[in-house]
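Undergrad: Take a look at model-v6.txt, compact mmCIF, C-alpha atoms (C1' of nucleotides):
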# COMPACT_ATOMS: atom_id res chain seq x y z
CA MET U 1 -139.39 -240.45 29.30
CA THR U 2 -138.68 -236.86 30.02
CA GLN U 3 -135.23 -237.07 28.52
CA ARG U 4 -134.56 -237.11 24.82
CA SER U 5 -131.73 -239.66 24.69
CA ALA U 6 -131.94 -243.13 26.09
CA GLY U 7 -128.25 -243.72 26.72
CA VAL U 8 -125.61 -241.40 28.09
CA ASP U 9 -126.88 -237.88 28.60
CA HIS U 10 -124.93 -235.46 26.49
CA ARG U 11 -126.77 -232.35 27.62
CA ARG U 12 -124.66 -229.63 29.14
CA THR U 13 -127.33 -228.49 31.62
CA ASP U 14 -130.40 -229.85 33.30
CA THR U 15 -132.42 -226.71 32.77
CA ARG U 16 -135.13 -228.45 30.80
CA ASP U 17 -135.91 -231.01 33.47
CA ARG U 18 -135.74 -228.41 36.21
CA ALA U 19 -138.09 -226.20 34.22
CA LEU U 20 -140.63 -229.02 33.97
CA SER U 21 -140.39 -229.56 37.70
CA VAL U 22 -140.72 -225.90 38.63
CA GLY U 23 -143.45 -225.42 36.05
CA LEU U 24 -145.45 -228.30 37.49
CA ARG U 25 -145.31 -226.82 40.96
CA LEU U 26 -146.17 -223.28 39.92
CA PHE U 27 -148.88 -224.26 37.44
CA ALA U 28 -150.50 -226.44 40.08
CA THR U 29 -150.38 -223.97 42.94
CA GLN U 30 -151.07 -220.74 41.05
CA GLY U 31 -152.79 -221.91 37.91
CA TYR U 32 -151.38 -222.12 34.40
CA ALA U 33 -152.59 -218.74 33.19
CA ASN U 34 -151.38 -217.00 36.33
CA THR U 35 -147.87 -218.32 36.05
CA SER U 36 -145.54 -216.34 33.83
CA LEU U 37 -142.40 -217.58 32.13
CA ARG U 38 -140.52 -214.95 34.09
CA GLU U 39 -141.51 -216.61 37.37
CA ILE U 40 -140.29 -219.98 36.17
CA ALA U 41 -137.10 -218.49 34.78
CA ASP U 42 -136.44 -216.58 38.00
CA GLU U 43 -136.71 -219.71 40.10
CA LEU U 44 -134.33 -221.49 37.77
CA GLY U 45 -131.90 -218.60 37.88
CA VAL U 46 -132.03 -218.04 34.13
CA THR U 47 -133.80 -215.60 31.82
CA LYS U 48 -137.00 -216.06 29.87
CA ALA U 49 -134.98 -216.25 26.65
CA ALA U 50 -133.14 -219.29 28.00
CA LEU U 51 -136.45 -221.08 28.42
CA TYR U 52 -137.21 -220.53 24.77
CA PHE U 53 -134.16 -222.57 23.87
CA HIS U 54 -135.77 -225.59 25.56
CA PHE U 55 -139.43 -224.99 24.74
CA LYS U 56 -141.01 -223.51 21.64
CA THR U 57 -143.95 -222.01 23.56
CA LYS U 58 -145.42 -221.81 27.04
CA GLU U 59 -147.91 -224.48 26.10
CA ASP U 60 -144.96 -226.67 25.26
CA ILE U 61 -143.93 -226.67 28.90
CA LEU U 62 -147.40 -227.72 29.98
CA SER U 63 -147.43 -230.35 27.28
CA GLY U 64 -144.07 -231.69 28.43
CA ILE U 65 -145.42 -232.01 31.94
CA LEU U 66 -148.61 -233.80 30.95
CA LEU U 67 -147.45 -236.16 28.22
CA ASP U 68 -145.98 -238.73 30.58
CA HIS U 69 -149.17 -238.70 32.58
CA ILE U 70 -151.41 -239.40 29.60
CA GLY U 71 -149.16 -242.23 28.54
CA ALA U 72 -149.22 -243.83 31.97
CA ILE U 73 -153.01 -243.73 32.23
CA ASN U 74 -153.49 -245.15 28.73
CA ALA U 75 -150.98 -247.89 29.40
CA MET U 76 -152.80 -249.00 32.53
CA VAL U 77 -156.10 -249.27 30.66
CA GLU U 78 -154.58 -251.19 27.78
CA GLU U 79 -152.71 -253.56 30.05
CA ALA U 80 -155.96 -254.38 31.81
CA GLY U 81 -157.39 -255.57 28.50
CA PRO U 82 -159.96 -258.38 28.62
CA SER U 83 -159.76 -258.59 32.41
CA LEU U 84 -162.06 -255.57 32.47
CA ALA U 85 -164.97 -257.84 31.64
CA THR U 86 -165.02 -258.98 35.27
CA LEU U 87 -165.55 -256.88 38.37
CA ASP U 88 -162.36 -258.31 39.83
CA GLY U 89 -160.36 -257.06 36.87
CA ARG U 90 -161.85 -253.59 37.19
CA GLU U 91 -161.03 -253.50 40.88
CA VAL U 92 -157.42 -254.28 40.04
CA LEU U 93 -157.36 -251.35 37.62
CA LEU U 94 -158.78 -249.01 40.25
CA ARG U 95 -156.12 -250.15 42.72
CA ARG U 96 -153.43 -249.47 40.14
CA VAL U 97 -154.77 -246.00 39.44
CA ALA U 98 -154.87 -245.25 43.15
CA GLU U 99 -151.32 -246.50 43.59
CA TYR U 100 -150.11 -244.46 40.64
CA GLN U 101 -151.74 -241.23 41.79
CA ALA U 102 -150.65 -241.64 45.39
CA GLY U 103 -147.07 -242.16 44.25
CA ARG U 104 -146.95 -238.92 42.33
CA SER U 105 -146.77 -235.54 43.95
CA THR U 106 -150.14 -233.99 44.57
CA HIS U 107 -149.21 -231.30 42.10
CA LEU U 108 -149.88 -233.31 38.97
CA VAL U 109 -153.39 -234.22 40.09
CA ARG U 110 -154.14 -230.66 41.13
CA LEU U 111 -152.77 -229.33 37.87
CA ILE U 112 -155.17 -231.40 35.80
CA ARG U 113 -158.16 -231.05 38.09
CA GLU U 114 -158.01 -227.37 38.76
CA ASN U 115 -156.92 -226.29 35.32
CA PHE U 116 -159.20 -228.67 33.48
CA THR U 117 -161.08 -225.99 31.59
CA GLU U 118 -157.90 -224.41 30.34
CA ILE U 119 -156.29 -227.71 29.47
CA SER U 120 -159.42 -228.79 27.63
CA ASN U 121 -159.21 -225.74 25.41
CA LEU U 122 -155.58 -226.44 24.55
CA PRO U 123 -154.61 -228.27 21.34
CA PHE U 124 -153.81 -231.55 23.08
CA GLY U 125 -156.57 -231.11 25.66
CA ALA U 126 -158.70 -233.53 23.70
CA GLU U 127 -156.15 -236.25 24.44
CA ILE U 128 -156.47 -235.69 28.18
CA LYS U 129 -160.24 -235.82 28.02
CA LYS U 130 -160.18 -238.91 25.85
CA GLY U 131 -157.83 -240.62 28.28
CA GLN U 132 -160.06 -239.91 31.26
CA ARG U 133 -163.12 -241.00 29.33
CA ARG U 134 -161.46 -244.28 28.39
CA LEU U 135 -160.44 -244.88 31.98
CA LEU U 136 -163.97 -244.27 33.23
CA GLU U 137 -165.41 -246.62 30.62
CA ALA U 138 -162.87 -249.25 31.56
CA LEU U 139 -163.74 -248.93 35.24
CA ALA U 140 -167.45 -249.14 34.47
CA GLY U 141 -166.96 -252.25 32.39
CA PRO U 142 -168.68 -253.37 29.18
CA ASP U 143 -172.44 -252.98 28.92
CA ALA U 144 -172.47 -250.76 32.00
CA THR U 145 -175.74 -249.19 33.05
CA LEU U 146 -176.04 -245.51 33.90
CA VAL U 147 -175.70 -246.38 37.56
CA GLY U 148 -172.60 -248.39 36.79
CA ARG U 149 -170.98 -245.49 34.98
CA ILE U 150 -171.77 -243.13 37.83
CA ARG U 151 -170.27 -245.62 40.28
CA ALA U 152 -167.08 -245.71 38.22
CA ARG U 153 -166.92 -241.94 38.07
CA THR U 154 -167.54 -241.53 41.79
CA ALA U 155 -164.91 -244.11 42.66
CA PHE U 156 -162.38 -242.40 40.44
CA MET U 157 -163.20 -238.97 41.87
CA ALA U 158 -162.68 -240.28 45.38
CA ILE U 159 -159.22 -241.55 44.46
CA GLN U 160 -158.36 -238.38 42.63
CA THR U 161 -159.40 -236.19 45.54
CA ALA U 162 -157.46 -238.26 48.03
CA ALA U 163 -154.26 -237.32 46.27
CA MET U 164 -154.90 -233.74 47.35
CA ALA U 165 -156.37 -234.49 50.73
CA ALA U 166 -153.12 -234.41 52.63
CA GLU U 167 -153.62 -230.67 53.01
CA TRP U 168 -157.19 -231.06 54.21
CA GLU U 169 -157.03 -234.00 56.55
CA SER U 170 -154.80 -233.85 59.56
CA ALA U 171 -154.48 -237.62 59.48
CA ASP U 172 -151.53 -239.59 58.17
CA GLU U 173 -151.37 -239.57 54.39
CA LYS U 174 -151.11 -243.33 54.10
CA ASP U 175 -154.19 -243.81 56.23
CA VAL U 176 -156.13 -241.41 54.03
CA HIS U 177 -155.15 -243.29 50.90
CA GLU U 178 -156.03 -246.67 52.33
CA ALA U 179 -159.39 -245.54 53.67
CA THR U 180 -160.22 -243.81 50.42
CA LEU U 181 -159.33 -246.85 48.33
CA ALA U 182 -161.56 -249.02 50.51
CA ILE U 183 -164.49 -246.68 50.00
CA ALA U 184 -163.81 -246.31 46.29
CA LEU U 185 -163.81 -250.08 45.88
CA GLU U 186 -167.04 -250.27 47.83
CA VAL U 187 -168.61 -247.71 45.52
CA LEU U 188 -167.39 -249.42 42.37
CA ARG U 189 -168.60 -252.79 43.61
CA GLY U 190 -172.02 -251.46 44.48
CA GLY U 191 -174.82 -253.87 45.29
CA ASP U 192 -174.25 -256.45 42.56
CA SER U 193 -171.28 -258.72 41.98
CA GLY U 194 -170.96 -258.89 38.18
CA MET F 1 -179.38 -210.75 46.75
CA THR F 2 -177.74 -209.61 43.57
CA GLN F 3 -179.60 -206.33 43.59
CA ARG F 4 -178.73 -203.46 45.86
CA SER F 5 -182.24 -202.21 46.71
CA ALA F 6 -184.95 -204.39 48.18
CA GLY F 7 -187.96 -202.45 46.91
CA VAL F 8 -188.63 -200.86 43.56
CA ASP F 9 -185.62 -200.95 41.28
CA HIS F 10 -184.56 -197.44 40.37
CA ARG F 11 -181.65 -198.44 38.13
CA ARG F 12 -181.80 -197.17 34.59
CA THR F 13 -180.15 -200.29 33.09
CA ASP F 14 -179.67 -203.93 33.90
CA THR F 15 -176.05 -203.97 32.84
CA ARG F 16 -174.77 -205.04 36.23
CA ASP F 17 -176.94 -208.15 36.43
CA ARG F 18 -176.26 -209.04 32.82
CA ALA F 19 -172.54 -208.64 33.45
CA LEU F 20 -172.71 -211.08 36.35
CA SER F 21 -174.54 -213.55 34.15
CA VAL F 22 -172.18 -213.24 31.19
CA GLY F 23 -169.18 -213.25 33.52
CA LEU F 24 -170.32 -216.47 35.13
CA ARG F 25 -170.62 -218.20 31.79
CA LEU F 26 -167.30 -216.99 30.43
CA PHE F 27 -165.35 -217.51 33.65
CA ALA F 28 -166.70 -221.06 33.90
CA THR F 29 -166.08 -222.07 30.30
CA GLN F 30 -162.77 -220.29 29.65
CA GLY F 31 -161.36 -219.76 33.12
CA TYR F 32 -161.22 -216.55 35.12
CA ALA F 33 -157.72 -215.53 34.09
CA ASN F 34 -158.39 -216.21 30.43
CA THR F 35 -161.49 -214.05 30.30
CA SER F 36 -160.91 -210.36 29.67
CA LEU F 37 -163.20 -207.51 30.54
CA ARG F 38 -163.32 -206.69 26.86
CA GLU F 39 -164.93 -210.05 26.13
CA ILE F 40 -167.59 -209.47 28.74
CA ALA F 41 -168.18 -205.90 27.59
CA ASP F 42 -168.44 -206.97 23.96
CA GLU F 43 -171.11 -209.54 24.74
CA LEU F 44 -173.03 -206.93 26.68
CA GLY F 45 -172.73 -204.44 23.86
CA VAL F 46 -170.95 -201.87 26.03
CA THR F 47 -167.35 -200.80 26.50
CA LYS F 48 -164.90 -201.83 29.18
CA ALA F 49 -165.19 -198.42 30.78
CA ALA F 50 -168.89 -198.99 31.31
CA LEU F 51 -168.10 -202.09 33.33
CA TYR F 52 -165.94 -200.03 35.65
CA PHE F 53 -168.98 -198.00 36.57
CA HIS F 54 -170.58 -201.12 38.00
CA PHE F 55 -167.52 -202.90 39.40
CA LYS F 56 -164.44 -201.48 41.00
CA THR F 57 -162.18 -204.28 39.73
CA LYS F 58 -162.31 -207.51 37.78
CA GLU F 59 -162.18 -209.44 41.03
CA ASP F 60 -165.29 -207.56 42.05
CA ILE F 61 -167.21 -209.26 39.27
CA LEU F 62 -166.05 -212.67 40.43
CA SER F 63 -166.90 -211.72 43.98
CA GLY F 64 -170.38 -210.61 42.97
CA ILE F 65 -170.93 -213.95 41.28
CA LEU F 66 -169.74 -216.03 44.22
CA LEU F 67 -171.14 -214.17 47.20
CA ASP F 68 -174.67 -215.51 46.77
CA HIS F 69 -173.30 -219.00 46.52
CA ILE F 70 -171.32 -218.81 49.76
CA GLY F 71 -174.35 -217.44 51.54
CA ALA F 72 -176.59 -220.21 50.31
CA ILE F 73 -174.20 -222.98 51.37
CA ASN F 74 -173.66 -221.45 54.79
CA ALA F 75 -177.38 -221.00 55.27
CA MET F 76 -178.04 -224.65 54.54
CA VAL F 77 -175.49 -225.78 57.11
CA GLU F 78 -176.77 -223.43 59.77
CA GLU F 79 -180.39 -224.37 59.16
CA ALA F 80 -179.50 -227.99 59.64
CA GLY F 81 -178.24 -227.19 63.13
CA PRO F 82 -178.62 -229.91 65.77
CA SER F 83 -180.19 -232.31 63.30
CA LEU F 84 -176.67 -233.00 62.07
CA ALA F 85 -176.09 -235.17 65.12
CA THR F 86 -178.09 -237.93 63.45
CA LEU F 87 -177.39 -239.67 60.17
CA ASP F 88 -180.93 -238.88 59.05
CA GLY F 89 -180.29 -235.19 59.52
CA ARG F 90 -177.07 -235.34 57.54
CA GLU F 91 -178.81 -237.16 54.72
CA VAL F 92 -181.36 -234.38 54.56
CA LEU F 93 -178.54 -231.86 54.23
CA LEU F 94 -176.94 -233.84 51.43
CA ARG F 95 -180.26 -233.96 49.60
CA ARG F 96 -180.63 -230.20 49.96
CA VAL F 97 -177.14 -229.61 48.61
CA ALA F 98 -177.85 -231.89 45.67
CA GLU F 99 -181.13 -230.11 44.98
CA TYR F 100 -179.47 -226.73 45.19
CA GLN F 101 -176.60 -227.60 42.86
CA ALA F 102 -178.84 -229.34 40.35
CA GLY F 103 -181.10 -226.29 40.25
CA ARG F 104 -178.32 -223.94 39.35
CA SER F 105 -176.63 -223.85 35.99
CA THR F 106 -173.66 -226.11 35.72
CA HIS F 107 -171.54 -223.01 35.29
CA LEU F 108 -171.39 -222.04 38.94
CA VAL F 109 -170.15 -225.45 39.99
CA ARG F 110 -167.60 -225.53 37.21
CA LEU F 111 -166.44 -222.04 38.05
CA ILE F 112 -165.61 -222.99 41.60
CA ARG F 113 -164.24 -226.42 40.89
CA GLU F 114 -162.04 -225.61 37.95
CA ASN F 115 -160.81 -222.26 39.16
CA PHE F 116 -160.36 -223.37 42.74
CA THR F 117 -156.66 -222.58 42.88
CA GLU F 118 -157.18 -219.09 41.57
CA ILE F 119 -160.16 -218.43 43.80
CA SER F 120 -158.26 -219.70 46.81
CA ASN F 121 -155.54 -217.14 46.21
CA LEU F 122 -158.06 -214.31 45.98
CA PRO F 123 -158.79 -212.11 49.02
CA PHE F 124 -162.14 -213.69 49.77
CA GLY F 125 -160.99 -217.15 48.70
CA ALA F 126 -160.62 -218.11 52.33
CA GLU F 127 -164.37 -217.69 52.75
CA ILE F 128 -165.06 -220.17 49.99
CA LYS F 129 -162.69 -222.71 51.46
CA LYS F 130 -164.11 -222.22 54.94
CA GLY F 131 -167.62 -222.72 53.61
CA GLN F 132 -166.74 -225.99 51.91
CA ARG F 133 -164.87 -227.18 54.98
CA ARG F 134 -167.86 -226.44 57.19
CA LEU F 135 -170.16 -228.28 54.82
CA LEU F 136 -167.93 -231.34 54.80
CA GLU F 137 -167.72 -231.36 58.58
CA ALA F 138 -171.47 -231.03 58.80
CA LEU F 139 -171.97 -233.96 56.42
CA ALA F 140 -169.49 -236.06 58.37
CA GLY F 141 -171.22 -235.33 61.65
CA PRO F 142 -169.80 -234.73 65.13
CA ASP F 143 -167.01 -237.01 66.33
CA ALA F 144 -166.56 -238.39 62.84
CA THR F 145 -163.75 -240.85 62.20
CA LEU F 146 -161.32 -240.47 59.32
CA VAL F 147 -163.41 -242.91 57.32
CA GLY F 148 -166.50 -240.89 58.11
CA ARG F 149 -164.92 -237.70 56.85
CA ILE F 150 -163.78 -239.39 53.65
CA ARG F 151 -167.29 -240.73 53.14
CA ALA F 152 -168.66 -237.22 53.47
CA ARG F 153 -166.13 -235.85 51.05
CA THR F 154 -166.74 -238.59 48.50
CA ALA F 155 -170.51 -238.14 48.71
CA PHE F 156 -170.16 -234.41 48.19
CA MET F 157 -167.77 -234.85 45.26
CA ALA F 158 -170.22 -237.19 43.59
CA ILE F 159 -172.98 -234.60 43.86
CA GLN F 160 -170.71 -231.84 42.69
CA THR F 161 -169.55 -233.78 39.67
CA ALA F 162 -173.07 -234.74 38.69
CA ALA F 163 -173.84 -231.07 38.16
CA MET F 164 -171.35 -231.11 35.31
CA ALA F 165 -172.10 -234.57 34.03
CA ALA F 166 -174.76 -233.55 31.56
CA GLU F 167 -172.00 -233.05 29.01
CA TRP F 168 -170.41 -236.39 29.73
CA GLU F 169 -173.34 -238.73 30.03
CA SER F 170 -175.72 -239.12 27.15
CA ALA F 171 -178.49 -240.00 29.57
CA ASP F 172 -181.26 -237.72 30.72
CA GLU F 173 -180.06 -235.11 33.17
CA LYS F 174 -182.70 -235.90 35.77
CA ASP F 175 -181.81 -239.58 35.72
CA VAL F 176 -178.15 -238.72 36.28
CA HIS F 177 -178.99 -236.57 39.27
CA GLU F 178 -181.25 -239.16 40.84
CA ALA F 179 -178.80 -242.01 40.37
CA THR F 180 -175.96 -239.91 41.70
CA LEU F 181 -177.90 -238.87 44.78
CA ALA F 182 -178.72 -242.48 45.52
CA ILE F 183 -175.08 -243.47 45.33
CA ALA F 184 -173.97 -240.44 47.33
CA LEU F 185 -176.41 -241.34 50.09
CA GLU F 186 -175.16 -244.91 50.03
CA VAL F 187 -171.59 -243.68 50.43
CA LEU F 188 -172.47 -241.30 53.24
CA ARG F 189 -174.44 -243.97 55.04
CA GLY F 190 -171.65 -246.51 54.75
CA GLY F 191 -171.80 -249.73 56.73
CA ASP F 192 -172.94 -248.37 60.09
CA SER F 193 -176.19 -246.62 60.96
CA GLY F 194 -175.17 -243.92 63.48
C1' DG X 1 -174.55 -194.89 32.49
C1' DT X 2 -171.84 -194.95 28.82
C1' DC X 3 -168.44 -193.14 25.75
C1' DT X 4 -163.42 -192.05 23.73
C1' DA X 5 -158.88 -191.83 24.76
C1' DT X 6 -155.09 -193.03 27.32
C1' DA X 7 -151.95 -194.41 31.15
C1' DT X 8 -149.42 -198.19 32.59
C1' DA X 9 -148.02 -202.82 33.21
C1' DT X 10 -147.07 -207.27 31.86
C1' DG X 11 -147.41 -211.05 29.05
C1' DG X 12 -145.36 -214.26 25.28
C1' DA X 13 -142.06 -214.37 21.90
C1' DT X 14 -137.88 -213.17 18.81
C1' DA X 15 -133.03 -211.28 17.19
C1' DG X 16 -128.57 -211.52 17.59
C1' DA X 17 -124.26 -211.37 20.55
C1' DC X 18 -121.39 -214.34 23.37
C1' DG M 1 -127.09 -222.65 26.50
C1' DT M 2 -127.66 -218.38 28.05
C1' DC M 3 -127.62 -213.46 27.74
C1' DT M 4 -129.37 -208.41 26.65
C1' DA M 5 -132.48 -205.86 24.31
C1' DT M 6 -136.61 -205.32 22.14
C1' DC M 7 -141.09 -206.07 19.66
C1' DC M 8 -145.81 -206.36 19.95
C1' DA M 9 -150.17 -207.70 21.69
C1' DT M 10 -153.22 -207.45 25.31
C1' DA M 11 -154.56 -206.60 30.02
C1' DT M 12 -156.45 -203.81 33.93
C1' DA M 13 -157.67 -199.48 35.18
C1' DT M 14 -158.46 -194.30 34.99
C1' DA M 15 -159.70 -189.34 33.23
C1' DG M 16 -162.88 -186.62 31.60
C1' DA M 17 -166.57 -185.52 28.06
C1' DC M 18 -171.46 -186.31 27.07
Could you spell out this file's structure in structure tokens?

TA:
Amino acid sequence: MTQRSAGVDHRRTDTRDRALSVGLRLFATQGYANTSLREIADELGVTKAALYFHFKTKEDILSGILLDHIGAINAMVEEAGPSLATLDGREVLLRRVAEYQAGRSTHLVRLIRENFTEISNLPFGAEIKKGQRRLLEALAGPDATLVGRIRARTAFMAIQTAAMAAEWESADEKDVHEATLAIALEVLRGGDSG
Amino acid sequence: MTQRSAGVDHRRTDTRDRALSVGLRLFATQGYANTSLREIADELGVTKAALYFHFKTKEDILSGILLDHIGAINAMVEEAGPSLATLDGREVLLRRVAEYQAGRSTHLVRLIRENFTEISNLPFGAEIKKGQRRLLEALAGPDATLVGRIRARTAFMAIQTAAMAAEWESADEKDVHEATLAIALEVLRGGDSG
DNA sequence: GTCTATATATGGATAGAC
DNA sequence: GTCTATCCATATATAGAC
């Protein structure tokens, strides 16, 4: 939920939503620290002061962008629940994560990946880290060995990178995603079957 | 070569080298944009102005840190040469890359990975990107299919991530590296043998 | 090689009018 | 909701003495 009200929208402008969208793109392509409020405001056709009506601080914009994402990841892990005890259940979770990330613009993935240090040092950065940690543990399964945890991490990294690979590979985006998912599943599965 | 002269060192101080070292650590842990020259100078026990004797600009410090790295990666690819036509040769290259990255402090890997957007937009950022692209193509081998290229990328990402995994995994660092290399080789190898 | 002092720009953020 | 005007902190970078 990016909007505040669930029913009819009583807002007089859509500046807030547009700011989140522009902010996502600029933060992802230029970096959070390198993007000024003036740049965002200019693209929106408003002044910096106008932004401060919608967001208390610059961090607030970043927070607004990321909150949905954290929620979605956490929800997927929780929904998986007891099914994570089996390899099949964990494969389903990995497929869902891949689907989710492929559906989003590449910007969100890039934003988190390439501004990870900065985000980590932010007040709510701990939440992001905790979410990723939980996801990796879920993918690794209960009582995972070191090798199992590394498999989970590698599989997740493959998926994550694929979301940005459209720029790198000349191939069709859908083909890249499918091939990557196949390899990620292969990695997660590993030699064993439990 | 971080030093300017090959023979006896005639410099009166080691400020330049220490600056590169401190800069690497701060850039990696806080981000390039979030690290000021004052912070670096303070840690060195000198003033900002002193830094400007050794480096023309702030970017120059980053450049000084990264130049060695680019050279090392390029050298490894070129040394591999015709051996890259075989899977065995490509596995050797991957091992060398893993060895190289594990030997360095985690900071260099983090610096590149988590400031990639910023570095890309820098004047010499194209060199970094070109170097990584060449490495991935080398690992994939000549006439690689899409799947082959994704395997190469995934294997490399696994290695790269392992260099930072000491903080995440409670296990012994050496064990993490060994297990990761094994999985990376497995991914690179894939189903086929050519 | 390093210092003090300063030029200059830009950033985030606020006050108050409309 | 948005504006103009402004505050204030901090940043990179330079000038010139020692």

Undergrad: May I have the protein, DNA and RNA residues with any atom at most 8 Å from the point (-171.1, -193.8, 28.1), counting all atoms listed in the file, written as a compact mmCIF listing (two decimals) with C-alpha atoms (C1' of nucleotides), in the coordinates of the input?

TA:
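Final output, saved to out-v1.txt:
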# COMPACT_ATOMS: atom_id res chain seq x y z
CA ALA F 49 -165.19 -198.42 30.78
CA ALA F 50 -168.89 -198.99 31.31
C1' DG X 1 -174.55 -194.89 32.49
C1' DT X 2 -171.84 -194.95 28.82
C1' DC X 3 -168.44 -193.14 25.75
C1' DC M 18 -171.46 -186.31 27.07

Undergrad: Hey, could you make a per-residue contact list for chain F against chain X with 8 Å as the cut-off, showing the nearest pair of atoms and its distance in Å to one decimal, counting all atoms listed in the file, sorted by chain and number, as CSV?

TA:
residue,atom,partner,partner_atom,distance
F:Arg12,CA,X:DG1,C1',7.9
F:Thr13,CA,X:DG1,C1',7.8
F:Val46,CA,X:DT2,C1',7.5
F:Thr47,CA,X:DT2,C1',7.7
F:Ala49,CA,X:DT2,C1',7.8
F:Ala50,CA,X:DT2,C1',5.6
F:Phe53,CA,X:DG1,C1',7.6

Undergrad: Take the residues just selected and output them with C-alpha atoms as a PDB file, in the frame of the given file.

TA:
ATOM      1  CA  ARG F  12    -181.800-197.170  34.590  1.00  0.00           C
ATOM      2  CA  THR F  13    -180.150-200.290  33.090  1.00  0.00           C
ATOM      3  CA  VAL F  46    -170.950-201.870  26.030  1.00  0.00           C
ATOM      4  CA  THR F  47    -167.350-200.800  26.500  1.00  0.00           C
ATOM      5  CA  ALA F  49    -165.190-198.420  30.780  1.00  0.00           C
ATOM      6  CA  ALA F  50    -168.890-198.990  31.310  1.00  0.00           C
ATOM      7  CA  PHE F  53    -168.980-198.000  36.570  1.00  0.00           C
TER       8      PHE F  53
END

Undergrad: Report as a ChimeraX atom specification all protein, DNA and RNA residues lying within 12 Å of U:Ser36, evaluated on all atoms listed in the file, omitting residues in the same chain fewer than 5 positions from it.

TA: /U:22-23,26-27,30-31,41-43,47-48,51,57-59,61 /X:10-12

Undergrad: Using only C-alpha atoms (C1' of nucleotides) and a cut-off of 8 Å, which residues of chain M sit close to chain U? Please list them as a list of chain:residue names.

TA: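 Per the criterion, chain M yields M:DG1, M:DT2, M:DC3.
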
Undergrad: Go ahead and write the residues just picked, C-alpha atoms (C1' of nucleotides), as an mmCIF file, in the frame of the given file.

TA:
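Below is the file again_34.cif, written as the result:
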data_model
loop_
_atom_site.group_PDB
_atom_site.id
_atom_site.type_symbol
_atom_site.label_atom_id
_atom_site.label_comp_id
_atom_site.auth_asym_id
_atom_site.auth_seq_id
_atom_site.Cartn_x
_atom_site.Cartn_y
_atom_site.Cartn_z
ATOM 1 C "C1'" DG M 1 -127.090 -222.650 26.500
ATOM 2 C "C1'" DT M 2 -127.660 -218.380 28.050
ATOM 3 C "C1'" DC M 3 -127.620 -213.460 27.740
#

Undergrad: Between U:Ala28, U:Ser170, U:Ile159, U:Asp175, which one has atoms that come closest to U:Gln101, using only C-alpha atoms?

TA: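 That would be U:Ile159, the residue with the smallest distance to U:Gln101.
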
Undergrad: If the cut-off is 10 Å, can you tell me the residues of chain F near chain U, counting only C-alpha atoms? I'd like them as a ChimeraX atom specification.

TA: /F:27-34,110-121,133,146-151,153-159,161-162,165,168-172,175-180,182-184,186-187,190

Undergrad: What's the separation between atom CA of U:Val8 and atom CA of U:Ala75, in Å to one decimal place?

TA: 26.2 Å

Undergrad: Just the residues within 10 Å of U:Leu135, please, counting only C-alpha atoms (C1' of nucleotides), with nothing from its chain fewer than 2 positions along; format it as a list in words.

TA: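 Returned residues: Ile73, Asn74, Met76, Val77, Glu78, Leu93, Leu94, Val97, Lys129, Lys130, Gly131, Gln132, Arg133, Glu137, Ala138, Leu139, Ala140, Gly141, Ala152, Arg153 and Phe156 of chain U.
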
Undergrad: Between atom CA of U:Arg189 and atom CA of F:Glu167, what is the distance in Å, rounded to a tenth?

TA: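 These two atoms are separated by 24.8 Å.
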
Undergrad: Quick one: axis-aligned box around all listed atoms of stretch 10-18 of chain X, 3 Å on every side, centre and edge lengths in Å to one decimal, written as lines of an AutoDock Vina configuration file.

TA:
center_x = -134.4
center_y = -210.8
center_z = 24.5
size_x = 32.0
size_y = 13.1
size_z = 20.7

Undergrad: Please compute the atom CA of F:Pro123-atom CA of F:Leu62 distance, one decimal, in Å.

TA: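 About the pair atom CA of F:Pro123 and atom CA of F:Leu62: they are 11.3 Å apart.
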